[in-house]
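Everything below concerns the one structure shown next.
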Amino acid sequence: MKIVVVGAGYAGTYAANIVARRTEAEITVVNPRGHFVERVRLHQRVAGTSQASHPLTSMLRAGITTRIGTVEKIGDGLVTLDDGASLTFDLALLAVGSTARPLPGAIAVATWEGAEQARDALATLGPKAVVTVVGGGPTGIETAAEVAASRPDLRVRLVGPAIAGGFAEGARRRVRAGLDRLKVEVVEDGVAAVADGQVVLRSGTALASDLTLWGIVSGVPDLAARSGLTVDEEGRLVVDEFLRSVDDPRIFAAGDCAAVPGARMSCQASEPQGATAALNLTRTIQGRDLTPHVVRFVAVCVSLGRADAVAQFTHFDDSPRKAYLAGRAGAVLKEQVTRGTVFGAKAGVPFR
Ligand SMILES: Cc1cc2nc3c(=O)[nH]c(=O)nc-3n(C[C@H](O)[C@H](O)[C@H](O)COP(=O)(O)OP(=O)(O)OC[C@H]3O[C@@H](n4cnc5c(N)ncnc54)[C@H](O)[C@@H]3O)c2cc1C
């Protein structure tokens, strides 16, 4: 039985390792680079506080074949790669993650290539240069805080219509206090354009900016759409309760690129989906009934530099509870969770 996993992120790596532990299937993982990108640390890569990458050889179990390349098309039991080669499969897992769509003039933090460019650009800035981070969600907040903590000589500004908007009042106030402590200037407004060393706000105000970083995750690679599979309005593969494509029962999907009702793009959702997809790939091989996926959230945790973080606890449906944990305890929790995601993907033991 041949299985092709497209994308070696959190969902793909985890799933490949689970299937390898449980079956004799011939597994090939296709990924554009020979390393696993620890995407939740890309803001740290930008600020120079983490490598955010591990060799794939250290992440995938022995026996799994790694193929470096980008899949251009998937369907009819075949994936076609950008170098013209193709691989046949009996079963496949689409786990190509998500991407970012920065306005022209801004650099994306949420992709490996963008983070590399941002890191280089940051290194050229001298004292008092202004860095604007766009995005009031976790990625924007973490990026602004990390840059401010590691480069106190710069002026760092965070712009977004609602900073920590998904948090309850107490946690939101604590995030603002943490940003204040790091001297991050917060501007609650949308960004209309980035051009000529300026960020133009929706209100019309233009702010000088030497470097503008885009701290928003949005959109997914168009592989599923390009392959003629049914996708939702964001381009995510439409799947059934077992995480199988509604068009082709040989293709499963997990992580940011899968349209799973009630899930948000996050590591917290991607790894459990990777586990469900892996169990169902295994059950398909064994001719057993499939198991439905269950979406459950527990918290959203944002780091504010290396020594502070706010963990907003949530209900299973991702709505915020009143309770949160902050300060050094929050930072320790965040670091343990971050390490746990890599450890989990590598170990390949399903936790559901
Ligand atoms: C700075 C930052 C902080 C974050 N913090 C958190 C957090 O604290 N908690 C949380 O839950 N989430 C967080 N996230 C979100 C989280 O990183 C993503 O939701 C998660 O990475 C999605 O996992 P995935 O496996 O679906 O995709 P990814 O981890 O993005 O992996 C997808 C892989 O597929 C590869 N790929 C893409 N296209 C192709 C192709 N055509 N062919 C072959 N391979 C392909 C990619 O190169 C990549 O290796 C954060 C994101 C960022 C950017």
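Each chain in the structure tokens gets a letter, A, B, ..., in the order shown, and its residues are numbered from 1; ligands are numbered from 1 in order too.
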- Task: Pick out the residues sitting within 6 Å of stretch 317-327 of chain A, and hand them over as an MDAnalysis selection string; count only C-alpha atoms, and ignore anything fewer than 6 positions along from it in its own chain.
- Result: chainID A and resid 167:168 297 308:311
Review point. Using only C-alpha atoms, which residues sit within 6 Å of stretch 142-144 of chain A once same-chain residues fewer than 2 positions away are excluded, as a list of chain:residue names?
Key: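 Contacts, with the query itself left out: A:His43, A:Val133, A:Pro138, A:Thr139, A:Gly140, A:Glu146, A:Val147, A:Ser303, A:Leu304.
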Kindly assemble as a Markdown table a list of the stretch 119-205 of chain A residues that lie within 10 Å of stretch 95-111 of chain A, each paired with its nearest atom pair and their distance in Å to one decimal, using only C-alpha atoms, sorted first by chain and then by ascending residue number.
| residue | atom | partner | partner_atom | distance |
| --- | --- | --- | --- | --- |
| A:Arg119 | CA | A:Val109 | CA | 9.2 |
| A:Ala121 | CA | A:Ile107 | CA | 9.3 |
| A:Thr132 | CA | A:Ala106 | CA | 9.2 |
| A:Val133 | CA | A:Ala106 | CA | 9.0 |
| A:Val134 | CA | A:Ala106 | CA | 8.7 |
| A:Thr139 | CA | A:Ala110 | CA | 7.7 |
| A:Gly140 | CA | A:Val109 | CA | 8.6 |
| A:Thr143 | CA | A:Val109 | CA | 7.9 |
| A:Val191 | CA | A:Leu103 | CA | 9.0 |
| A:Ala192 | CA | A:Leu103 | CA | 8.5 |
| A:Ala193 | CA | A:Leu103 | CA | 6.7 |
| A:Val194 | CA | A:Gly105 | CA | 5.3 |
| A:Ala195 | CA | A:Gly105 | CA | 5.8 |
| A:Asp196 | CA | A:Gly105 | CA | 8.1 |
| A:Gly197 | CA | A:Gly105 | CA | 8.5 |
| A:Gln198 | CA | A:Gly105 | CA | 9.2 |
| A:Val199 | CA | A:Gly105 | CA | 9.1 |
Let me see the file: selected residues, all heavy atoms, as a compact mmCIF listing (two decimals), in the first residue's frame.
# COMPACT_ATOMS: atom_id res chain seq x y z
N ARG A 119 13.99 38.76 8.69
CA ARG A 119 15.17 38.67 9.57
C ARG A 119 16.33 39.47 8.97
O ARG A 119 17.00 40.24 9.66
CB ARG A 119 15.52 37.18 9.68
CG ARG A 119 16.68 36.80 10.54
CD ARG A 119 16.83 35.28 10.34
NE ARG A 119 18.08 34.77 10.81
CZ ARG A 119 18.23 34.12 11.95
NH1 ARG A 119 17.22 33.94 12.74
NH2 ARG A 119 19.41 33.66 12.29
N ALA A 121 16.12 41.92 6.76
CA ALA A 121 15.78 43.35 6.72
C ALA A 121 15.96 43.97 8.11
O ALA A 121 16.47 45.10 8.24
CB ALA A 121 14.36 43.53 6.23
N THR A 132 6.92 48.52 11.87
CA THR A 132 5.48 48.39 12.05
C THR A 132 5.09 46.94 11.83
O THR A 132 5.45 46.35 10.81
CB THR A 132 4.71 49.28 11.04
OG1 THR A 132 5.17 50.62 11.17
CG2 THR A 132 3.20 49.21 11.26
N VAL A 133 4.36 46.37 12.78
CA VAL A 133 3.84 45.01 12.62
C VAL A 133 2.33 45.14 12.40
O VAL A 133 1.63 45.77 13.21
CB VAL A 133 4.13 44.14 13.86
CG1 VAL A 133 3.55 42.74 13.67
CG2 VAL A 133 5.63 44.07 14.12
N VAL A 134 1.84 44.55 11.32
CA VAL A 134 0.42 44.62 11.01
C VAL A 134 -0.25 43.33 11.47
O VAL A 134 0.21 42.23 11.12
CB VAL A 134 0.19 44.81 9.49
CG1 VAL A 134 -1.30 44.92 9.18
CG2 VAL A 134 0.96 46.01 8.97
N THR A 139 -0.31 36.18 15.93
CA THR A 139 0.96 36.27 15.18
C THR A 139 1.51 37.70 15.20
O THR A 139 2.72 37.91 15.40
CB THR A 139 0.75 35.79 13.72
OG1 THR A 139 0.25 34.46 13.76
CG2 THR A 139 2.04 35.81 12.93
N GLY A 140 0.64 38.69 15.02
CA GLY A 140 1.08 40.09 15.05
C GLY A 140 1.59 40.47 16.43
O GLY A 140 2.66 41.08 16.58
N THR A 143 4.92 38.81 17.21
CA THR A 143 6.02 39.37 16.41
C THR A 143 6.45 40.72 16.97
O THR A 143 7.65 40.97 17.18
CB THR A 143 5.59 39.51 14.94
OG1 THR A 143 5.17 38.24 14.46
CG2 THR A 143 6.73 40.02 14.08
N VAL A 191 -5.10 48.62 8.19
CA VAL A 191 -4.09 49.17 7.28
C VAL A 191 -4.64 49.12 5.86
O VAL A 191 -5.08 48.08 5.38
CB VAL A 191 -2.77 48.37 7.39
CG1 VAL A 191 -1.78 48.79 6.31
CG2 VAL A 191 -2.16 48.56 8.77
N ALA A 192 -4.61 50.29 5.19
CA ALA A 192 -5.15 50.36 3.82
C ALA A 192 -4.05 50.16 2.79
O ALA A 192 -4.30 49.60 1.72
CB ALA A 192 -5.82 51.72 3.61
N ALA A 193 -2.84 50.63 3.07
CA ALA A 193 -1.74 50.53 2.09
C ALA A 193 -0.41 50.65 2.79
O ALA A 193 -0.30 51.21 3.89
CB ALA A 193 -1.89 51.63 1.05
N VAL A 194 0.62 50.11 2.12
CA VAL A 194 2.00 50.26 2.61
C VAL A 194 2.80 50.73 1.40
O VAL A 194 2.84 50.04 0.38
CB VAL A 194 2.56 48.90 3.10
CG1 VAL A 194 4.00 49.07 3.60
CG2 VAL A 194 1.68 48.30 4.19
N ALA A 195 3.40 51.92 1.51
CA ALA A 195 4.15 52.41 0.33
C ALA A 195 5.09 53.52 0.74
O ALA A 195 4.80 54.29 1.65
CB ALA A 195 3.18 52.93 -0.72
N ASP A 196 6.23 53.59 0.05
CA ASP A 196 7.19 54.68 0.20
C ASP A 196 7.53 54.98 1.66
O ASP A 196 7.46 56.13 2.11
CB ASP A 196 6.65 55.98 -0.46
CG ASP A 196 6.30 55.74 -1.92
OD1 ASP A 196 7.01 54.95 -2.55
OD2 ASP A 196 5.31 56.34 -2.39
N GLY A 197 7.83 53.93 2.41
CA GLY A 197 8.23 54.13 3.80
C GLY A 197 7.09 54.59 4.69
O GLY A 197 7.32 55.18 5.74
N GLN A 198 5.85 54.32 4.27
CA GLN A 198 4.71 54.73 5.09
C GLN A 198 3.67 53.61 5.17
O GLN A 198 3.53 52.82 4.23
CB GLN A 198 4.01 55.94 4.45
CG GLN A 198 4.79 57.23 4.57
CD GLN A 198 3.91 58.41 4.19
OE1 GLN A 198 3.04 58.28 3.34
NE2 GLN A 198 4.15 59.54 4.83
N VAL A 199 2.97 53.60 6.30
CA VAL A 199 1.81 52.72 6.45
C VAL A 199 0.60 53.63 6.49
O VAL A 199 0.53 54.54 7.32
CB VAL A 199 1.92 51.90 7.76
CG1 VAL A 199 0.62 51.18 8.04
CG2 VAL A 199 3.06 50.89 7.66
Among the residues of stretch 191-279 of chain A, find those DSSP assigns to strand (DSSP E or B) from the backbone and print them as a list in words. Val191, Ala192, Ala193, Val194, Ala195, Gln198, Val199, Val200, Leu201, Ala206, Leu207, Ala208, Leu211, Thr212, Leu213, Trp214, Val231, Leu237, Val238, Val239, Arg244, Ser245, Ile251, Phe252, Ala253, Ala258 and Ala259 of chain A
Query - Selected residue of minimal separation from A:Arg172 among A:Asp90, A:Val19, A:Cys301, A:Gly48, counting only C-alpha atoms - result: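 Nearest to A:Arg172: A:Cys301.
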Out of A:Thr284, A:Thr276, A:Thr70, A:Thr212, which residue has the shortest atom-to-atom distance to ligand 1 when counting only C-alpha atoms and all ligand atoms?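 Of A:Thr284, A:Thr276, A:Thr70, A:Thr212, the one nearest ligand 1 is A:Thr70, counting only C-alpha atoms and all ligand atoms.
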What's the separation between atom 17 (O, counted along the ligand's line) of ligand 1 and atom CA of A:Gln336, in Å to one decimal place?
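The value is 15.4 Å.
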Margin query: Env of stretch 244-258 of chain A: 7 Å cut, atoms = only C-alpha atoms, seq-sep filter 5 positions within chain, self excluded. Answer as an MDAnalysis selection string.
Written below: chainID A and resid 11 90:98 220 229:230 236:239 265:266 269:271 273:274 277
Expected file contents, prior selection, C-alpha atoms, as a short mmCIF file (atom, residue, chain, number, x, y, z; two decimals), in the first residue's frame:
data_model
loop_
_atom_site.label_atom_id
_atom_site.label_comp_id
_atom_site.auth_asym_id
_atom_site.auth_seq_id
_atom_site.Cartn_x
_atom_site.Cartn_y
_atom_site.Cartn_z
CA ALA A 11 -0.28 17.74 10.62
CA ASP A 90 -3.29 4.27 -2.97
CA LEU A 91 -4.04 6.82 -0.25
CA ALA A 92 -2.86 10.40 0.22
CA LEU A 93 -2.91 13.09 2.89
CA LEU A 94 -3.05 16.75 1.93
CA ALA A 95 -1.35 18.77 4.68
CA VAL A 96 -0.02 21.85 2.90
CA GLY A 97 -0.88 24.34 5.66
CA SER A 98 -1.72 27.99 5.10
CA VAL A 220 -4.04 28.36 1.80
CA LEU A 229 -11.17 19.20 -5.82
CA THR A 230 -14.06 20.84 -3.98
CA ARG A 236 -9.51 24.78 1.89
CA LEU A 237 -10.33 21.20 0.87
CA VAL A 238 -13.89 20.28 1.79
CA VAL A 239 -13.83 17.08 3.83
CA MET A 265 -6.08 27.70 11.64
CA SER A 266 -3.77 26.67 14.47
CA ALA A 269 -6.34 22.13 15.57
CA SER A 270 -3.81 20.77 13.05
CA GLU A 271 -2.18 18.09 15.15
CA GLN A 273 -6.62 16.52 12.70
CA GLY A 274 -3.33 14.89 11.68
CA ALA A 277 -6.44 11.44 9.43
#
Within 8 Å of A:Val29 using only C-alpha atoms, minus same-chain residues under 4 positions, as an mmCIF file with N, CA and C atoms, in the first residue's frame:
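Once written, result.cif looks like this:
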data_model
loop_
_atom_site.group_PDB
_atom_site.id
_atom_site.type_symbol
_atom_site.label_atom_id
_atom_site.label_comp_id
_atom_site.auth_asym_id
_atom_site.auth_seq_id
_atom_site.Cartn_x
_atom_site.Cartn_y
_atom_site.Cartn_z
ATOM 1 N N VAL A 4 1.074 8.769 0.106
ATOM 2 C CA VAL A 4 1.841 9.995 -0.097
ATOM 3 C C VAL A 4 1.279 11.072 0.828
ATOM 4 N N VAL A 5 2.162 11.674 1.615
ATOM 5 C CA VAL A 5 1.776 12.784 2.483
ATOM 6 C C VAL A 5 2.341 14.050 1.851
ATOM 7 N N VAL A 6 1.470 15.012 1.568
ATOM 8 C CA VAL A 6 1.909 16.248 0.917
ATOM 9 C C VAL A 6 2.023 17.340 1.976
ATOM 10 N N GLY A 7 3.246 17.708 2.337
ATOM 11 C CA GLY A 7 3.481 18.746 3.340
ATOM 12 C C GLY A 7 3.959 18.168 4.656
ATOM 13 N N ALA A 8 5.174 18.563 5.053
ATOM 14 C CA ALA A 8 5.738 18.060 6.319
ATOM 15 C C ALA A 8 5.695 19.151 7.383
ATOM 16 N N GLY A 12 1.132 16.958 8.781
ATOM 17 C CA GLY A 12 1.699 15.933 7.898
ATOM 18 C C GLY A 12 2.740 15.069 8.597
ATOM 19 N N ALA A 16 2.226 11.116 9.323
ATOM 20 C CA ALA A 16 3.136 10.149 8.685
ATOM 21 C C ALA A 16 3.751 9.235 9.749
ATOM 22 N N ILE A 64 10.374 6.013 6.467
ATOM 23 C CA ILE A 64 9.567 6.969 5.690
ATOM 24 C C ILE A 64 10.498 7.626 4.672
ATOM 25 N N THR A 65 10.045 7.680 3.414
ATOM 26 C CA THR A 65 10.861 8.312 2.371
ATOM 27 C C THR A 65 10.522 9.797 2.292
ATOM 28 N N THR A 66 11.561 10.631 2.235
ATOM 29 C CA THR A 66 11.328 12.066 2.056
ATOM 30 C C THR A 66 11.640 12.420 0.611
ATOM 31 N N ARG A 67 10.734 13.157 -0.011
ATOM 32 C CA ARG A 67 10.966 13.625 -1.383
ATOM 33 C C ARG A 67 10.897 15.147 -1.340
#
Using only C-alpha atoms and all ligand atoms for the distances, tell me which of A:Ala177, A:Ile27, A:Ile3, A:Val342 is nearest to ligand 1.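 Counting only C-alpha atoms and all ligand atoms, the residue closest to ligand 1 is A:Val342.
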Practice problem: Determine, counting only C-alpha atoms, which protein, DNA and RNA residues have an atom within 12 Å of an atom of A:Ser203; residues of the same chain fewer than 2 positions away are not included. Present the result as a list in words. | Solution: Pro161, Val187, Glu188, Asp189, Gly190, Val191, Ala192, Ala193, Val199, Val200, Leu201, Thr205, Ala206 and Leu207 of chain A
### Message
Here is a test: counting only C-alpha atoms and all ligand atoms, which residue of A:Val294, A:Leu182, A:Val349, A:Ala47 is nearest to ligand 1?
### Response
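Looking only at the distances to ligand 1, the closest residue turns out to be A:Ala47.
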Q: Could you give me, as an MDAnalysis selection string, each residue of stretch 44-253 of chain A that DSSP assigns to helix (DSSP H, G or I) when run on this structure's backbone?
A: chainID A and resid 44:47 56:59 112:123 138:150 169:181 223:226
